[in-house]
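Data block for run26.cif (mmCIF, C-alpha atoms):
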```cif
data_run
#
loop_
_atom_site.label_atom_id
_atom_site.label_comp_id
_atom_site.auth_asym_id
_atom_site.auth_seq_id
_atom_site.Cartn_x
_atom_site.Cartn_y
_atom_site.Cartn_z
CA MET A 191 -3.49 -10.40 20.80
CA ILE A 192 -1.77 -7.09 21.58
CA ALA A 193 -3.19 -3.94 19.97
CA LEU A 194 -0.86 -1.19 18.73
CA ALA A 195 -1.99 2.40 18.17
CA LEU A 196 -0.80 5.20 15.93
CA PRO A 197 -0.02 8.57 17.54
CA PRO A 198 -2.98 10.94 17.96
CA GLY A 199 -3.63 13.91 15.73
CA PRO A 200 -3.39 14.43 11.97
CA LEU A 201 -1.46 11.72 10.16
CA GLU A 202 0.91 11.99 7.20
CA VAL A 203 0.70 8.80 5.13
CA LEU A 204 2.99 7.87 2.26
CA CYS A 205 1.74 5.08 -0.03
CA LEU A 206 4.44 3.62 -2.28
CA GLY A 207 3.89 1.26 -5.18
CA ALA A 208 6.02 -0.01 -8.00
CA HIS A 209 2.97 0.04 -10.30
CA PRO A 210 -0.46 1.64 -10.47
CA ASP A 211 -2.98 -0.49 -8.49
CA ASP A 212 -0.36 -1.99 -6.10
CA ILE A 213 -1.40 0.34 -3.32
CA GLU A 214 -5.17 -0.01 -3.60
CA ILE A 215 -5.08 -3.80 -4.04
CA ALA A 216 -2.84 -4.25 -1.03
CA CYS A 217 -4.08 -1.67 1.45
CA GLY A 218 -7.13 0.06 0.00
CA GLY A 219 -9.22 -1.11 2.96
CA THR A 220 -6.68 0.31 5.41
CA LEU A 221 -6.74 3.65 3.62
CA LEU A 222 -10.54 3.77 3.72
CA GLU A 223 -10.48 2.98 7.45
CA LEU A 224 -7.85 5.64 8.13
CA ALA A 225 -9.69 8.27 6.11
CA GLU A 226 -12.85 7.59 8.15
CA ALA A 227 -11.17 7.56 11.54
CA ARG A 228 -8.49 10.24 11.26
CA SER A 229 -7.49 13.45 9.62
CA ILE A 230 -4.91 12.25 7.11
CA ARG A 231 -2.81 13.72 4.36
CA ALA A 232 -1.81 11.07 1.86
CA THR A 233 0.79 10.94 -0.88
CA PHE A 234 0.51 8.17 -3.48
CA ALA A 235 3.78 7.51 -5.32
CA MET A 236 4.40 4.98 -8.11
CA LEU A 237 7.54 4.31 -10.11
CA THR A 238 6.00 2.99 -13.36
CA GLY A 239 2.90 3.39 -15.48
CA THR A 240 1.67 3.97 -19.02
CA PRO A 241 -0.34 7.15 -19.60
CA GLU A 242 -3.57 5.15 -19.34
CA ARG A 243 -2.49 3.51 -16.09
CA ARG A 244 -1.34 6.83 -14.65
CA ASN A 245 -4.76 8.32 -15.25
CA GLU A 246 -6.32 5.31 -13.55
CA ALA A 247 -3.96 5.70 -10.59
CA ARG A 248 -4.89 9.35 -10.13
CA SER A 249 -8.59 8.47 -10.17
CA ALA A 250 -8.02 5.65 -7.70
CA ALA A 251 -6.08 7.84 -5.27
CA GLU A 252 -8.82 10.46 -5.30
CA ALA A 253 -11.48 7.80 -4.73
CA PHE A 254 -9.70 6.18 -1.79
CA VAL A 255 -8.32 9.34 -0.14
CA PRO A 256 -9.84 12.53 -1.55
CA GLY A 257 -7.27 15.25 -1.98
CA ALA A 258 -4.32 12.85 -2.06
CA ASP A 259 -1.13 14.06 -3.72
CA VAL A 260 -0.11 11.74 -6.57
CA ARG A 261 3.45 11.33 -7.88
CA ILE A 262 4.23 8.97 -10.77
CA TRP A 263 7.55 8.28 -12.47
CA ASP A 264 7.83 6.64 -15.90
CA LEU A 265 10.44 3.98 -15.23
CA PRO A 266 10.05 0.66 -17.12
CA ASP A 267 7.60 -1.85 -15.67
CA GLY A 268 9.26 -5.13 -14.71
CA ARG A 269 12.81 -3.76 -14.96
CA LEU A 270 13.28 -1.53 -11.94
CA PRO A 271 16.36 -3.41 -10.63
CA ALA A 272 18.17 -2.47 -13.85
CA HIS A 273 17.37 1.17 -13.01
CA TRP A 274 18.48 1.04 -9.39
CA GLY A 275 20.05 4.48 -9.44
CA GLU A 276 16.96 6.14 -10.89
CA VAL A 277 14.69 4.44 -8.36
CA LYS A 278 16.99 5.51 -5.53
CA LEU A 279 17.03 9.08 -6.85
CA ALA A 280 13.23 9.15 -7.16
CA LEU A 281 12.75 7.97 -3.58
CA GLU A 282 15.36 10.40 -2.24
CA GLU A 283 13.65 13.24 -4.09
CA LEU A 284 10.35 12.20 -2.54
CA ALA A 285 11.93 11.86 0.91
CA SER A 286 13.19 15.44 0.70
CA GLN A 287 9.56 16.58 0.41
CA ALA A 288 7.54 13.99 2.35
CA ARG A 289 7.93 13.47 6.11
CA PRO A 290 5.38 10.75 6.75
CA ASP A 291 4.31 9.26 10.07
CA LEU A 292 3.36 6.06 8.24
CA VAL A 293 4.80 4.48 5.10
CA LEU A 294 2.91 1.75 3.22
CA CYS A 295 5.09 -0.19 0.78
CA PRO A 296 5.55 -3.68 -0.70
CA ARG A 297 7.02 -6.59 1.25
CA ARG A 298 10.75 -7.13 1.03
CA ASP A 299 10.21 -10.82 0.24
CA ASP A 300 7.66 -10.21 -2.53
CA SER A 301 8.33 -12.39 -5.59
CA HIS A 302 8.08 -9.45 -8.01
CA GLN A 303 11.46 -7.83 -8.51
CA ASP A 304 10.03 -4.32 -8.81
CA HIS A 305 8.19 -4.66 -5.49
CA ARG A 306 11.29 -5.98 -3.72
CA LEU A 307 13.48 -3.12 -4.87
CA VAL A 308 11.04 -0.45 -3.68
CA SER A 309 10.80 -2.17 -0.30
CA GLU A 310 14.57 -2.54 0.06
CA LEU A 311 15.15 1.17 -0.51
CA VAL A 312 12.40 2.51 1.75
CA PRO A 313 14.38 2.25 5.02
CA THR A 314 17.28 4.17 3.48
CA ALA A 315 14.97 7.09 2.66
CA TRP A 316 12.60 7.08 5.65
CA ARG A 317 14.40 6.01 8.81
CA ASP A 318 12.03 7.40 11.45
CA ALA A 319 8.59 6.48 10.09
CA LEU A 320 6.53 3.42 10.90
CA VAL A 321 6.78 1.20 7.80
CA LEU A 322 4.03 -1.32 7.07
CA GLU A 323 4.95 -3.70 4.26
CA TYR A 324 1.85 -4.84 2.37
CA GLU A 325 1.07 -8.01 0.42
CA ILE A 326 -0.28 -8.39 -3.11
CA PRO A 327 -2.08 -11.58 -4.27
CA LYS A 328 -0.83 -12.83 -7.64
CA TRP A 329 0.05 -15.94 -9.58
CA ASP A 330 3.46 -16.26 -7.90
CA GLY A 331 1.79 -17.81 -4.84
CA ASP A 332 4.09 -15.87 -2.50
CA LEU A 333 1.70 -15.07 0.35
CA ARG A 334 3.43 -15.53 3.69
CA PRO A 335 2.62 -14.94 7.38
CA VAL A 336 2.12 -11.34 8.42
CA THR A 337 2.95 -9.65 11.72
CA HIS A 338 0.29 -6.93 11.93
CA TYR A 339 -3.35 -6.60 10.95
CA VAL A 340 -5.67 -3.69 10.22
CA PRO A 341 -9.35 -4.65 10.64
CA VAL A 342 -11.58 -3.54 7.76
CA SER A 343 -15.32 -3.19 8.14
CA ALA A 344 -17.58 -5.18 5.82
CA GLU A 345 -18.74 -1.90 4.31
CA ASN A 346 -15.20 -0.77 3.54
CA ALA A 347 -14.15 -4.21 2.28
CA GLU A 348 -16.99 -4.12 -0.25
CA ARG A 349 -16.30 -0.49 -1.05
CA LYS A 350 -12.64 -1.32 -1.72
CA VAL A 351 -13.50 -3.88 -4.41
CA ARG A 352 -16.06 -1.55 -5.99
CA LEU A 353 -13.55 1.28 -6.17
CA LEU A 354 -10.86 -1.01 -7.59
CA THR A 355 -13.10 -2.15 -10.43
CA ALA A 356 -14.25 1.39 -11.16
CA ALA A 357 -10.75 2.91 -11.05
CA TYR A 358 -8.83 0.25 -13.00
CA PRO A 359 -10.91 -0.86 -15.99
CA SER A 360 -7.71 -1.83 -17.85
CA GLN A 361 -7.12 -4.63 -15.34
CA VAL A 362 -10.63 -6.04 -14.97
CA GLY A 363 -10.16 -8.66 -17.71
CA ARG A 364 -7.18 -10.31 -16.00
CA ASP A 365 -7.89 -13.83 -14.76
CA TRP A 366 -6.84 -13.04 -11.17
CA TRP A 367 -8.76 -9.77 -10.91
CA SER A 368 -12.08 -10.40 -9.17
CA ASP A 369 -14.06 -9.42 -6.10
CA GLU A 370 -13.47 -12.95 -4.78
CA THR A 371 -9.70 -12.49 -4.90
CA PHE A 372 -9.70 -9.28 -2.92
CA LEU A 373 -12.47 -10.19 -0.47
CA GLY A 374 -11.06 -13.69 0.01
CA LEU A 375 -7.66 -12.49 1.14
CA MET A 376 -9.20 -9.92 3.47
CA ARG A 377 -11.45 -12.64 4.91
CA LEU A 378 -8.47 -14.93 5.58
CA ARG A 379 -6.53 -12.17 7.31
CA GLY A 380 -9.68 -11.33 9.23
CA ILE A 381 -9.91 -14.90 10.54
CA GLU A 382 -6.33 -14.62 11.79
CA CYS A 383 -7.15 -11.58 13.94
CA ARG A 384 -10.74 -12.49 14.91
CA ARG A 385 -12.37 -9.96 12.62
CA ARG A 386 -14.61 -10.31 9.59
CA TYR A 387 -12.10 -8.68 7.25
CA ALA A 388 -8.57 -7.34 7.66
CA GLU A 389 -5.46 -6.47 5.69
CA GLY A 390 -2.10 -7.92 6.70
CA PHE A 391 1.29 -6.25 6.94
CA VAL A 392 4.85 -6.97 8.00
CA VAL A 393 6.67 -4.66 10.41
CA ARG A 394 10.43 -5.18 10.55
CA LYS A 395 11.29 -2.46 13.04
CA ALA A 396 9.14 -0.73 15.64
CA LEU A 397 9.96 1.56 18.58
CA MET A 398 8.14 0.76 21.82
CA SER A 399 7.34 3.81 23.92
CA LEU A 400 7.32 3.12 27.67
CA GLY A 401 6.12 6.57 28.68
CA ALA A 402 2.77 7.15 30.35
#
```
So, in terms of structure tokens, how does the structure I just supplied come out?
Amino acid sequence: MIALALPPGPLEVLCLGAHPDDIEIACGGTLLELAEARSIRATFAMLTGTPERRNEARSAAEAFVPGADVRIWDLPDGRLPAHWGEVKLALEELASQARPDLVLCPRRDDSHQDHRLVSELVPTAWRDALVLEYEIPKWDGDLRPVTHYVPVSAENAERKVRLLTAAYPSQVGRDWWSDETFLGLMRLRGIECRRRYAEGFVVRKALMSLGA
């Protein structure tokens, strides 16, 4: 297995989600690992959310990456493709202010239409950043192979699920929301990269540097 490394120094990270909780479910462990290992500045941006869910998202962002900047639009949940122009405008507005080294966003082949649209528009707004497309477990059964893995320590895997439950009480009653769901997927991705836990991502384009 070939290891890839991010550039040294402080890191600008942009976390994009269609909905509150997308980011933390998909890559909360990665964010905890990054915050421990590096000096990072994070922006959390979501396109939808009720007032209650927005408050939860702000609490979650602060718990996972203290000091994170949070941006939330109020576009309609489940209907982002019908608001293509507004989504495009929101991402372009964000791109005019955020110059990230790393973008975390949904997979382009995600079964949820809102997730797909966000992913499709990311490369048009951020052409020079490393983009890691994350996966979200859900009833659609759309989990597919990944190309890249971020190992997550047992401590941070357990911390991720604790923070999720604490930050998103409105979601705890859902039948798919459980520690087993989140730990189970991280355990499976960990097996695939010979680690205890990991989170999986898809990279569609990457620049290989051949310099010393």
>> If I take CA of Gly331 in chain A and CA of Ala357 in chain A, how far is one from the other in Å, to one decimal?
In response: 25.0 Å
> For Pro296 in chain A, which of A:His209, A:Lys395, A:Arg385, A:Lys350 is the closest residue, counting only C-alpha atoms?
Replying inline: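 So, comparing all the options, the nearest one is A:His209.
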> Using all atoms listed in the file, which residue out of A:Val255, A:Ala227, A:Ile215, A:Ala319 lies closest to Ala285 in chain A?
Replying inline: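 Residue with the minimum atom-to-atom distance to Ala285 in chain A: A:Ala319.
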>> Excluding Pro256 in chain A and its own-chain neighbours fewer than 5 positions away, which residues fall within 12 Å of it when counting all atoms listed in the file? Please give them as a count of residues only.
In response: 14
>> At a cut-off of 9 Å, using all atoms listed in the file, what residues contact Pro335 in chain A? Leave out same-chain residues fewer than 6 positions from it and give the result as a list of chain:residue names.
In response: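 Close residues of Pro335 in chain A: A:Gly390, A:Phe391, A:Val392.
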> For this file, the PyMOL selection byres ((chain A and resi 302-310) around 9) selects which residues, as a list of chain:residue names?
Replying inline: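 On the file shown, the PyMOL selection byres ((chain A and resi 302-310) around 9) covers A:Leu206, A:Gly207, A:Ala208, A:His209, A:Asp212, A:Leu237, A:Asp267, A:Gly268, A:Arg269, A:Leu270, A:Pro271, A:Trp274, A:Val277, A:Lys278, A:Leu281, A:Cys295, A:Pro296, A:Arg297, A:Arg298, A:Asp299, A:Asp300, A:Ser301, A:Leu311, A:Val312, A:Pro313, A:Thr314, A:Glu323, A:Asp330.
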>> Between CA of Gly257 in chain A and CA of Met376 in chain A, what is the distance in Å, rounded to a tenth?
In response: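 Between these atoms lies a distance of 25.8 Å.
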> Separation of CA of Ala235 in chain A and CA of Arg261 in chain A, in Å?
Replying inline: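 Distance between the two atoms: 4.6 Å.
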>> Please determine, counting only C-alpha atoms, which residue among A:Gln287, A:Thr238, A:Thr337, A:Asn346 has the shortest atom-to-atom distance to Phe254 in chain A.
In response: A:Asn346
>> Evaluate the PyMOL selection byres ((chain A and resi 320) around 8) against this structure - the residues, as a PyMOL selection string, please.
In response: chain A and resi 291-293+318-319+321-322+395-396
>> Considering all atoms listed in the file, can you say which of A:Pro210, A:Gly275, A:Gly380, A:Gly219 comes closest to Pro241 in chain A?
In response: A:Pro210
> Looking at only C-alpha atoms, which of A:Leu204, A:Ala315, A:Leu353, A:Met236 is the one that sits closest to Leu279 in chain A?
Replying inline: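 Closest candidate: A:Ala315.
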